[in-house]
Structure formats: C-alpha cells, structure tokens
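Working notes, structure below.
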Amino acid sequence: MQLGLDGQRLARVLVDFDLYLEFESGDSIALSDFSIDRPGDAAVATVDVGYGNIAQGLAAVLQLIGTTCESSESDNTGDLTVVFIDGIRISAPHSDGEAWEFSGSDGRQVISGPEGDLTTWAKE
C-alpha cells in the first residue's frame, strides 16, 4: 500500500512515547519501534530504535528534516518502509501491538495493528 509521501519533504520531527515524522503537506507517521539504515555509513549502518532509546532515534532522524521522501509503502505483512532521496531508509516492522500509524492531511489513516493487521480509514 502506497502512502503517497513521494516528493514531500520532511518538515519536522516530534517525540513523546512515539517518534513522529511530519511532512510538508501535514501528513505524518508515528513510529514505535523502527530501524534507520544509512547506506555507505559503516559506523552507523543500522540504528534500531524503541521507547528505551528514543533519543538515539531522534538524533538519527533530525538530520532528515528538509529531505525529500522518495517512496513510502507498507507491504501485506504490515511492515512499513520510508526511503529518502539520499538513500536513508526507515523501516518499521509489524509487532504484537501497534507498530506505526499514518495520518493523512486529507483524513486518511492507516494503522499497523497486532501481527501486522492493517486498518484503514478514509475521510467521507
């Protein structure tokens, strides 16, 4: 499932119990547990982030502000992948709970629930 973030720049990053990526259109993604892959950066090739080290995730994601999203999609297992034009990839695997949530500025919502069960809503 395509989320429609292609071509949008990451506008800001917010943190509470989750880490939120907000794009210039107002679309946002809330992430619980995720990894960041940086191609060509052997020192920090992958950062696995969860509630216990959310500050480390924030530090890794802050550098993406202003960067354009190349693709954003969820597969049929409920895993989410967001790729930026510089090759940095954020992956959020499905989990036993709510793994991630997409909120569109147009009212669309997608939630990856337990075991990757995707629930979608559209503005009527």
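A note on labels: chains of the structure tokens are A, B, ... as shown, every chain counts residues from 1, and ligands are counted from 1 in their shown order.
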- Message: So that I can see what lies close to region 96-106 of chain A, please list as a list in words the residues with an atom at most 9 Å from it, counting only C-alpha atoms and leaving out residues fewer than 6 positions away in the same chain.
- Response: Leu3, Gly4, Asp18, Ser25, Gly26, Asp27, Ser28, Ile29, Ala30, Leu31, Ser32, Asp33, Phe34, Gly78, Asp79, Leu80, Ser112, Gly113, Pro114, Glu115, Gly116, Ala122 and Lys123 of chain A
For the residues in that selection, give me all heavy atoms as a compact mmCIF listing (two decimals), in the first residue's frame.
# COMPACT_ATOMS: atom_id res chain seq x y z
N LEU A 3 1.67 5.11 0.57
CA LEU A 3 1.15 6.13 1.48
C LEU A 3 1.07 7.51 0.85
O LEU A 3 0.45 8.41 1.41
CB LEU A 3 1.99 6.18 2.76
CG LEU A 3 2.00 4.90 3.57
CD1 LEU A 3 2.84 5.08 4.83
CD2 LEU A 3 0.59 4.45 3.93
N GLY A 4 1.71 7.71 -0.29
CA GLY A 4 1.59 8.98 -1.01
C GLY A 4 2.49 10.09 -0.49
O GLY A 4 2.17 11.26 -0.66
N ASP A 18 6.10 7.94 21.11
CA ASP A 18 6.49 7.54 19.77
C ASP A 18 7.32 8.65 19.15
O ASP A 18 7.41 9.75 19.69
CB ASP A 18 5.26 7.29 18.89
CG ASP A 18 4.46 6.06 19.29
OD1 ASP A 18 5.08 5.08 19.75
OD2 ASP A 18 3.23 6.10 19.14
N SER A 25 3.11 18.51 3.76
CA SER A 25 1.68 18.52 3.46
C SER A 25 0.82 18.40 4.72
O SER A 25 -0.38 18.58 4.67
CB SER A 25 1.34 17.34 2.56
OG SER A 25 1.56 16.13 3.27
N GLY A 26 1.46 18.06 5.85
CA GLY A 26 0.72 17.79 7.08
C GLY A 26 0.52 16.31 7.33
O GLY A 26 0.08 15.91 8.40
N ASP A 27 0.84 15.46 6.34
CA ASP A 27 0.80 14.01 6.54
C ASP A 27 1.85 13.64 7.58
O ASP A 27 2.92 14.26 7.63
CB ASP A 27 1.12 13.26 5.24
CG ASP A 27 0.09 13.47 4.15
OD1 ASP A 27 -1.00 13.98 4.44
OD2 ASP A 27 0.39 13.09 3.01
N SER A 28 1.56 12.64 8.41
CA SER A 28 2.53 12.25 9.43
C SER A 28 2.53 10.74 9.65
O SER A 28 1.56 10.05 9.34
CB SER A 28 2.26 12.97 10.75
OG SER A 28 1.02 12.54 11.29
N ILE A 29 3.66 10.28 10.18
CA ILE A 29 3.81 8.87 10.55
C ILE A 29 4.30 8.82 11.98
O ILE A 29 5.27 9.49 12.34
CB ILE A 29 4.84 8.15 9.65
CG1 ILE A 29 4.40 8.18 8.19
CG2 ILE A 29 5.04 6.71 10.12
CD1 ILE A 29 5.44 7.63 7.23
N ALA A 30 3.61 8.05 12.83
CA ALA A 30 4.04 7.79 14.20
C ALA A 30 4.72 6.43 14.22
O ALA A 30 4.14 5.45 13.73
CB ALA A 30 2.85 7.81 15.15
N LEU A 31 5.93 6.38 14.76
CA LEU A 31 6.71 5.14 14.79
C LEU A 31 6.95 4.71 16.23
O LEU A 31 7.34 5.52 17.07
CB LEU A 31 8.06 5.36 14.11
CG LEU A 31 8.02 5.82 12.65
CD1 LEU A 31 9.38 6.31 12.22
CD2 LEU A 31 7.54 4.68 11.78
N SER A 32 6.76 3.42 16.52
CA SER A 32 7.08 2.88 17.83
C SER A 32 8.48 2.29 17.81
O SER A 32 9.41 2.86 18.36
CB SER A 32 6.06 1.82 18.24
OG SER A 32 4.79 2.41 18.40
N ASP A 33 8.66 1.17 17.18
CA ASP A 33 9.97 0.54 17.02
C ASP A 33 10.34 0.59 15.55
O ASP A 33 9.52 0.24 14.69
CB ASP A 33 9.93 -0.92 17.48
CG ASP A 33 9.65 -1.05 18.97
OD1 ASP A 33 10.27 -0.29 19.74
OD2 ASP A 33 8.83 -1.89 19.35
N PHE A 34 11.55 1.03 15.26
CA PHE A 34 11.95 1.15 13.86
C PHE A 34 13.46 1.09 13.76
O PHE A 34 14.18 1.15 14.75
CB PHE A 34 11.44 2.46 13.26
CG PHE A 34 11.94 3.71 13.92
CD1 PHE A 34 13.01 4.41 13.40
CD2 PHE A 34 11.33 4.19 15.06
CE1 PHE A 34 13.47 5.56 14.00
CE2 PHE A 34 11.77 5.35 15.68
CZ PHE A 34 12.85 6.03 15.14
N GLY A 78 2.32 -5.79 6.99
CA GLY A 78 2.18 -4.66 7.90
C GLY A 78 3.49 -3.94 8.16
O GLY A 78 3.53 -3.01 8.97
N ASP A 79 4.56 -4.33 7.49
CA ASP A 79 5.84 -3.64 7.63
C ASP A 79 5.81 -2.35 6.81
O ASP A 79 5.26 -2.31 5.71
CB ASP A 79 7.00 -4.51 7.14
CG ASP A 79 7.21 -5.76 8.00
OD1 ASP A 79 6.57 -5.87 9.06
OD2 ASP A 79 8.01 -6.62 7.59
N LEU A 80 6.42 -1.30 7.36
CA LEU A 80 6.47 0.00 6.70
C LEU A 80 7.90 0.31 6.28
O LEU A 80 8.85 0.06 7.03
CB LEU A 80 6.01 1.09 7.68
CG LEU A 80 6.17 2.54 7.23
CD1 LEU A 80 5.19 2.86 6.11
CD2 LEU A 80 5.96 3.48 8.40
N SER A 112 -0.91 -0.04 11.61
CA SER A 112 -0.41 -1.42 11.62
C SER A 112 -0.63 -1.95 13.03
O SER A 112 0.10 -1.59 13.95
CB SER A 112 1.07 -1.47 11.24
OG SER A 112 1.54 -2.79 11.31
N GLY A 113 -1.65 -2.75 13.17
CA GLY A 113 -2.01 -3.30 14.48
C GLY A 113 -1.29 -4.60 14.78
O GLY A 113 -0.31 -4.95 14.12
N PRO A 114 -1.77 -5.33 15.79
CA PRO A 114 -1.14 -6.59 16.19
C PRO A 114 -0.93 -7.54 15.00
O PRO A 114 -1.82 -7.69 14.17
CB PRO A 114 -2.12 -7.17 17.21
CG PRO A 114 -2.82 -5.98 17.76
CD PRO A 114 -2.94 -5.02 16.61
N GLU A 115 0.26 -8.10 14.96
CA GLU A 115 0.65 -9.06 13.92
C GLU A 115 0.58 -8.48 12.51
O GLU A 115 0.46 -9.21 11.53
CB GLU A 115 -0.19 -10.34 14.02
CG GLU A 115 -0.10 -11.01 15.38
CD GLU A 115 1.34 -11.33 15.81
OE1 GLU A 115 2.16 -11.72 14.96
OE2 GLU A 115 1.63 -11.16 17.01
N GLY A 116 0.64 -7.14 12.37
CA GLY A 116 0.67 -6.52 11.06
C GLY A 116 -0.68 -6.33 10.40
O GLY A 116 -0.75 -6.00 9.21
N ALA A 122 -10.81 6.32 5.66
CA ALA A 122 -10.76 7.41 4.70
C ALA A 122 -11.82 8.43 5.10
O ALA A 122 -12.87 8.07 5.61
CB ALA A 122 -11.01 6.91 3.29
N LYS A 123 -11.52 9.69 4.87
CA LYS A 123 -12.47 10.74 5.15
C LYS A 123 -13.65 10.58 4.21
O LYS A 123 -13.49 10.37 3.02
CB LYS A 123 -11.81 12.11 4.96
CG LYS A 123 -12.70 13.24 5.32
CD LYS A 123 -11.94 14.56 5.18
CE LYS A 123 -12.85 15.71 5.53
NZ LYS A 123 -12.13 16.98 5.42
- Excluding Val13 (chain A) and any residue of its chain fewer than 4 positions from it, enumerate the residues within 9 Å of it, using only C-alpha atoms, and give them as a ChimeraX atom specification. /A:19-23,58,61-62,65
Output C-alpha atoms for every residue in the selection just made, as a PDB file, in the first residue's frame.
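What follows is the written file out_28.pdb:
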ATOM      1  CA  LEU A  19       8.571   9.404  17.218  1.00  0.00           C
ATOM      2  CA  TYR A  20       6.534  11.371  14.671  1.00  0.00           C
ATOM      3  CA  LEU A  21       7.642  12.313  11.172  1.00  0.00           C
ATOM      4  CA  GLU A  22       5.588  15.211   9.820  1.00  0.00           C
ATOM      5  CA  PHE A  23       5.823  16.094   6.145  1.00  0.00           C
ATOM      6  CA  LEU A  58      15.624  11.370  17.396  1.00  0.00           C
ATOM      7  CA  VAL A  61      16.179  11.332  12.277  1.00  0.00           C
ATOM      8  CA  LEU A  62      16.799  15.059  12.889  1.00  0.00           C
ATOM      9  CA  ILE A  65      14.486  17.417   8.174  1.00  0.00           C
TER      10      ILE A  65
END
- Message: Show me, as a PyMOL selection string, the residues that have an atom within 7 Å of Trp121 (chain A) when counting only C-alpha atoms, minus same-chain residues fewer than 5 positions from it.
- Response: chain A and resi 108-110
- For Gln2 (chain A), work out the shell of residues within 9 Å, counting only C-alpha atoms and skipping chain neighbours fewer than 6 positions away, then give it as a VMD selection string. chain A and resid 71 to 75
Convert the current residue selection to file output with all heavy atoms, as a short mmCIF file (atom, residue, chain, number, x, y, z; two decimals), in the first residue's frame.
data_model
loop_
_atom_site.label_atom_id
_atom_site.label_comp_id
_atom_site.auth_asym_id
_atom_site.auth_seq_id
_atom_site.Cartn_x
_atom_site.Cartn_y
_atom_site.Cartn_z
N SER A 71 10.01 7.26 -1.49
CA SER A 71 8.91 6.28 -1.51
C SER A 71 8.47 5.98 -0.08
O SER A 71 9.24 6.12 0.86
CB SER A 71 9.33 4.99 -2.22
OG SER A 71 10.35 4.34 -1.50
N SER A 72 7.22 5.58 0.03
CA SER A 72 6.66 5.22 1.34
C SER A 72 5.57 4.19 1.11
O SER A 72 4.61 4.45 0.41
CB SER A 72 6.07 6.45 2.03
OG SER A 72 5.10 7.07 1.21
N GLU A 73 5.78 3.01 1.69
CA GLU A 73 4.80 1.96 1.45
C GLU A 73 4.79 0.94 2.58
O GLU A 73 5.77 0.78 3.31
CB GLU A 73 5.06 1.26 0.13
CG GLU A 73 6.38 0.53 0.06
CD GLU A 73 6.62 -0.08 -1.31
OE1 GLU A 73 5.76 0.02 -2.19
OE2 GLU A 73 7.69 -0.67 -1.49
N SER A 74 3.67 0.26 2.69
CA SER A 74 3.52 -0.85 3.61
C SER A 74 3.26 -2.10 2.77
O SER A 74 2.56 -2.04 1.76
CB SER A 74 2.34 -0.61 4.54
OG SER A 74 2.10 -1.74 5.33
N ASP A 75 3.85 -3.20 3.20
CA ASP A 75 3.60 -4.44 2.47
C ASP A 75 2.46 -5.21 3.13
O ASP A 75 1.87 -4.75 4.11
CB ASP A 75 4.87 -5.29 2.34
CG ASP A 75 5.43 -5.73 3.68
OD1 ASP A 75 4.69 -5.75 4.70
OD2 ASP A 75 6.61 -6.08 3.72
#
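Counting from CA of Ile90 (chain A), the distance to CA of Arg38 (chain A) is 9.0 Å.
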- So which one's closest to Asn76 (chain A), A:Ala60, A:Ala11, A:Leu118, A:Ile36? Using only C-alpha atoms, please.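 Checking each of A:Ala60, A:Ala11, A:Leu118, A:Ile36 against Asn76 (chain A), counting only C-alpha atoms, the winner is A:Leu118.
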- Task: Grab the CA of Glu24 (chain A) to CA of Arg9 (chain A) distance for me, in Å with one decimal place.
- Result: 5.7 Å
- Task: Record the distance separating CA of Gln8 (chain A) and CA of Gly66 (chain A), expressed in Å with one decimal.
- Result: 9.1 Å
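Restricting the calculation to only C-alpha atoms, the smallest distance between Phe17 (chain A) and any of A:Asn53, A:Thr119, A:Ser95, A:Thr67 is found for A:Asn53.
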